[in-house]
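The block underneath contains the structure these notes are about, expressed in C-alpha cells.
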Amino acid sequence: MKEVVLSEQRVKELEAIYEKLQQEYEKVAGILNFSCSGCPDNCCDSYFLHHTYAEWAHLWQGIRQLEPKRQQTLIARAKSYLEQCERDLAVGQRPQIMCPLNEEGLCALYEHRLLVCRTHGVPATMTRPDGQILRFPGCFRCQDIVDVQYDQEQPPHVERTVLLRKLALLENELLENKRHLMPKVKITIAEMLVKGPPAIPRLHCEKK
Ligand code: SF4
Ligand code: SF4
C-alpha cells in the first residue's frame with residue numbers, strides 16, 4: 001500500500017473548490033436571510049459518508065498538525081463513535097452521533113473540515129453524469145424559511161455540479177488517472193480518523 005499524499009498544488013486546488021462553494025453558499029444564505037446562529041441543533045451529528053481520497057488526505061494534513069496526545073484523544077473518540085454507529089446500523093437505525101471532531105460545538109479541524117460540512121444548510125442541486133438532477137432541500141431550519149417564502153417555486157440554491165466535477169477531476173489526477181481501479185471511498189469522518197491517512201494498493205506494474 002502507498003499513502004495518498006496531497007501536494008501543495010493539489011491542496012490549493014482543493015481549497016479553491018471549498019472557497020468557491022462557500023461563496024455560493026453564502027450568496028444563497030444571504031438571499032434567504034438564513035444563518036446557523038441561534039440554531040438549537042448541531043448538524044455535526046448528521047450521518048454523512050464521504051467519497052474522496054483527496055478530502056481524506058486533506059483531513060489528515062490537519063490531524064498531523066495537532067499534538068500527538070490530541071490526535072490520540074480524537075482517534076479514541078472516533079472509535080467510540082464507530083462502536084455506537086455499528087449498534088445503530090445493526091438495528092436499522094440511521095446513526096445520529098456527534099462527530100468526534102466536534103468539541104463543545106466547535107470543529108477541532110475547522111480549516112480541514114469536509115465539503116459536506118461546508119455545504120449542508122442551504123438548498124442545492126447537482127446533475128449526475130447520467131443527467132439525473134439531484135435536489136437537496138437544505139437543513140430543517142432552512143426548509144422552514146423556504147416553505148414560507150417560496151411555496152412551489154424553485155428556491156435559490158447552490159449549483160454544485162461544476163465544483164463537484166472539479167473535485168472528481170482532482171481526485172482522478174491524485175490517483176494518477178486510475179481512480180476506476182482503486183477501492184471506493186465511502187466512509188465517515190470517524191472511519192477516516194481510525195483508519196489513519198489514506199493509502200491505496202500499489203498496482204501490479206509498480207511492484208518490484
Ligand atoms: S445547517 Fe441548519 S441544522 Fe445545521 S447548524 Fe446550521 S441552521 Fe442548524
Ligand atoms: S468535521 Fe467539523 S464541521 Fe464537520 S461534522 Fe465534524 S465537527 Fe462538524
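We label chains A, B, ... in the order they appear in the C-alpha cells, count residues from 1 in each chain, and number ligands from 1 in the order shown.
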
Exercise for the section: Please check which protein, DNA or RNA residues sit within 12 Å of ligand 1, counting only C-alpha atoms and all ligand atoms, and write them as a ChimeraX atom specification. Expected result: /A:25,29,33-46,105-106,116-123,137-145

Write a file of the just-selected residues containing C-alpha atoms, as a CSV table (one decimal), in the first residue's frame.
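Resulting contents of again.csv:
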```
chain,number,residue,atom,x,y,z
A,25,TYR,CA,-23.4,29.0,-0.1
A,29,ALA,CA,-27.8,32.1,2.6
A,33,ASN,CA,-31.7,35.5,5.1
A,34,PHE,CA,-30.5,32.2,6.6
A,35,SER,CA,-27.8,31.6,9.2
A,36,CYS,CA,-26.8,29.0,11.7
A,37,SER,CA,-26.8,31.5,14.5
A,38,GLY,CA,-29.1,30.5,17.4
A,39,CYS,CA,-29.8,27.1,15.9
A,40,PRO,CA,-30.8,24.7,18.7
A,41,ASP,CA,-29.5,21.8,16.7
A,42,ASN,CA,-26.0,21.0,15.5
A,43,CYS,CA,-25.7,19.2,12.3
A,44,CYS,CA,-22.3,17.8,13.2
A,45,ASP,CA,-24.3,14.8,14.4
A,46,SER,CA,-25.7,14.1,11.0
A,105,GLY,CA,-19.9,22.9,19.4
A,106,LEU,CA,-16.8,23.9,17.5
A,116,VAL,CA,-20.4,18.3,3.3
A,117,CYS,CA,-19.6,20.3,6.5
A,118,ARG,CA,-19.3,23.4,4.3
A,119,THR,CA,-22.4,22.9,2.2
A,120,HIS,CA,-25.0,21.4,4.5
A,121,GLY,CA,-27.7,24.0,5.3
A,122,VAL,CA,-29.0,25.8,2.2
A,123,PRO,CA,-30.8,24.1,-0.8
A,137,PRO,CA,-33.6,20.7,0.3
A,138,GLY,CA,-31.2,22.1,2.9
A,139,CYS,CA,-31.4,21.6,6.7
A,140,PHE,CA,-34.7,21.6,8.6
A,141,ARG,CA,-34.4,25.3,9.6
A,142,CYS,CA,-33.6,26.4,6.1
A,143,GLN,CA,-36.5,24.3,4.8
A,144,ASP,CA,-38.9,26.2,7.1
A,145,ILE,CA,-37.7,29.5,5.6
```

Exercise for the section: Select from range 11-193 of chain A everything DSSP, run on the backbone, classes as strand (DSSP E or B), then give the selection as a PyMOL selection string. Expected result: chain A and resi 50+102-103+106-107+124-127+133-136+158-159+187

Exercise for the section: Find the residues near ligand 2. Use a cut-off of 12 Å, count only C-alpha atoms and all ligand atoms, and write them as number ranges by chain. Expected result: A: 41-50, 55-56, 58-60, 62-63, 74, 77-78, 81, 96-121, 188-193

When you look at His180 in chain A with a cut-off of 12 Å (counting only C-alpha atoms), what residues show up, excluding the ones that are within fewer than 5 positions of it in the same chain? I need them as a short mmCIF file (atom, residue, chain, number, x, y, z; two decimals) with N, CA and C atoms, in the first residue's frame.
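Dumped everything to selection_38.cif:
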```cif
data_model
loop_
_atom_site.label_atom_id
_atom_site.label_comp_id
_atom_site.auth_asym_id
_atom_site.auth_seq_id
_atom_site.Cartn_x
_atom_site.Cartn_y
_atom_site.Cartn_z
N ALA A 168 -13.91 15.75 -8.65
CA ALA A 168 -13.74 14.41 -9.24
C ALA A 168 -12.48 14.36 -10.11
N GLU A 171 -9.48 14.35 -7.90
CA GLU A 171 -9.35 13.01 -7.31
C GLU A 171 -8.70 12.06 -8.30
N ASN A 172 -9.14 12.12 -9.52
CA ASN A 172 -8.60 11.21 -10.53
C ASN A 172 -7.11 11.49 -10.77
N GLU A 173 -6.77 12.76 -10.81
CA GLU A 173 -5.36 13.12 -11.02
C GLU A 173 -4.51 12.67 -9.82
N LEU A 175 -5.02 10.18 -8.06
CA LEU A 175 -4.86 8.72 -8.15
C LEU A 175 -4.22 8.32 -9.48
N VAL A 185 -14.13 4.95 -1.89
CA VAL A 185 -14.19 5.54 -0.55
C VAL A 185 -15.66 5.83 -0.24
#
```

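If you look at CA of Arg64 in chain A and CA of Gly196 in chain A, they are 10.4 Å away from each other.
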
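Within range 102-140 of chain A, DSSP applied to the backbone places the following residues in helix (DSSP H, G or I): Tyr110, Glu111, His112, Leu115, Val116, Cys117, Arg118, Thr119 and Phe140 of chain A.
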
Write to file, as a PDB file, in the first residue's frame, the residues of the selection just made, with N, CA and C atoms.
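Output saved as out-v2.pdb:
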```pdb
ATOM      1  N   TYR A 110     -11.385  22.904  11.852  1.00  0.00           N
ATOM      2  CA  TYR A 110     -12.247  23.760  11.032  1.00  0.00           C
ATOM      3  C   TYR A 110     -11.688  23.987   9.626  1.00  0.00           C
ATOM      4  N   GLU A 111     -10.395  24.295   9.531  1.00  0.00           N
ATOM      5  CA  GLU A 111      -9.797  24.580   8.215  1.00  0.00           C
ATOM      6  C   GLU A 111      -9.742  23.333   7.336  1.00  0.00           C
ATOM      7  N   HIS A 112      -9.869  22.189   7.959  1.00  0.00           N
ATOM      8  CA  HIS A 112      -9.747  20.927   7.211  1.00  0.00           C
ATOM      9  C   HIS A 112     -11.070  20.174   7.151  1.00  0.00           C
ATOM     10  N   LEU A 115     -16.167  18.772   2.647  1.00  0.00           N
ATOM     11  CA  LEU A 115     -17.083  19.504   1.765  1.00  0.00           C
ATOM     12  C   LEU A 115     -18.522  19.524   2.311  1.00  0.00           C
ATOM     13  N   VAL A 116     -18.987  18.359   2.784  1.00  0.00           N
ATOM     14  CA  VAL A 116     -20.366  18.307   3.290  1.00  0.00           C
ATOM     15  C   VAL A 116     -20.548  19.263   4.469  1.00  0.00           C
ATOM     16  N   CYS A 117     -19.508  19.357   5.303  1.00  0.00           N
ATOM     17  CA  CYS A 117     -19.595  20.252   6.469  1.00  0.00           C
ATOM     18  C   CYS A 117     -19.752  21.702   6.016  1.00  0.00           C
ATOM     19  N   ARG A 118     -19.246  21.997   4.831  1.00  0.00           N
ATOM     20  CA  ARG A 118     -19.260  23.379   4.345  1.00  0.00           C
ATOM     21  C   ARG A 118     -20.518  23.695   3.537  1.00  0.00           C
ATOM     22  N   THR A 119     -21.254  22.666   3.153  1.00  0.00           N
ATOM     23  CA  THR A 119     -22.355  22.925   2.221  1.00  0.00           C
ATOM     24  C   THR A 119     -23.726  22.566   2.776  1.00  0.00           C
ATOM     25  N   PHE A 140     -33.307  21.394   8.189  1.00  0.00           N
ATOM     26  CA  PHE A 140     -34.715  21.598   8.568  1.00  0.00           C
ATOM     27  C   PHE A 140     -35.050  23.081   8.781  1.00  0.00           C
TER      28      PHE A 140
END
```

Which residues are near Val5 in chain A? Cut-off 9 Å, only C-alpha atoms, ignore same chain within fewer than 3 positions. Put them as a PDB file with C-alpha atoms, in the first residue's frame.
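Full text of part18.pdb as output:
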```
ATOM      1  CA  ALA A  54      -8.407  13.905  -1.614  1.00  0.00           C
ATOM      2  CA  ALA A  57      -5.787  13.196   2.861  1.00  0.00           C
ATOM      3  CA  HIS A  58      -6.590  16.868   3.493  1.00  0.00           C
ATOM      4  CA  GLN A  61      -2.929  17.011   6.996  1.00  0.00           C
ATOM      5  CA  LEU A 174      -4.376  12.423  -7.427  1.00  0.00           C
ATOM      6  CA  PRO A 197      -4.126   8.517   6.435  1.00  0.00           C
ATOM      7  CA  PRO A 198      -5.490   7.188   3.138  1.00  0.00           C
ATOM      8  CA  ALA A 199      -3.496   4.553   1.328  1.00  0.00           C
TER       9      ALA A 199
END
```
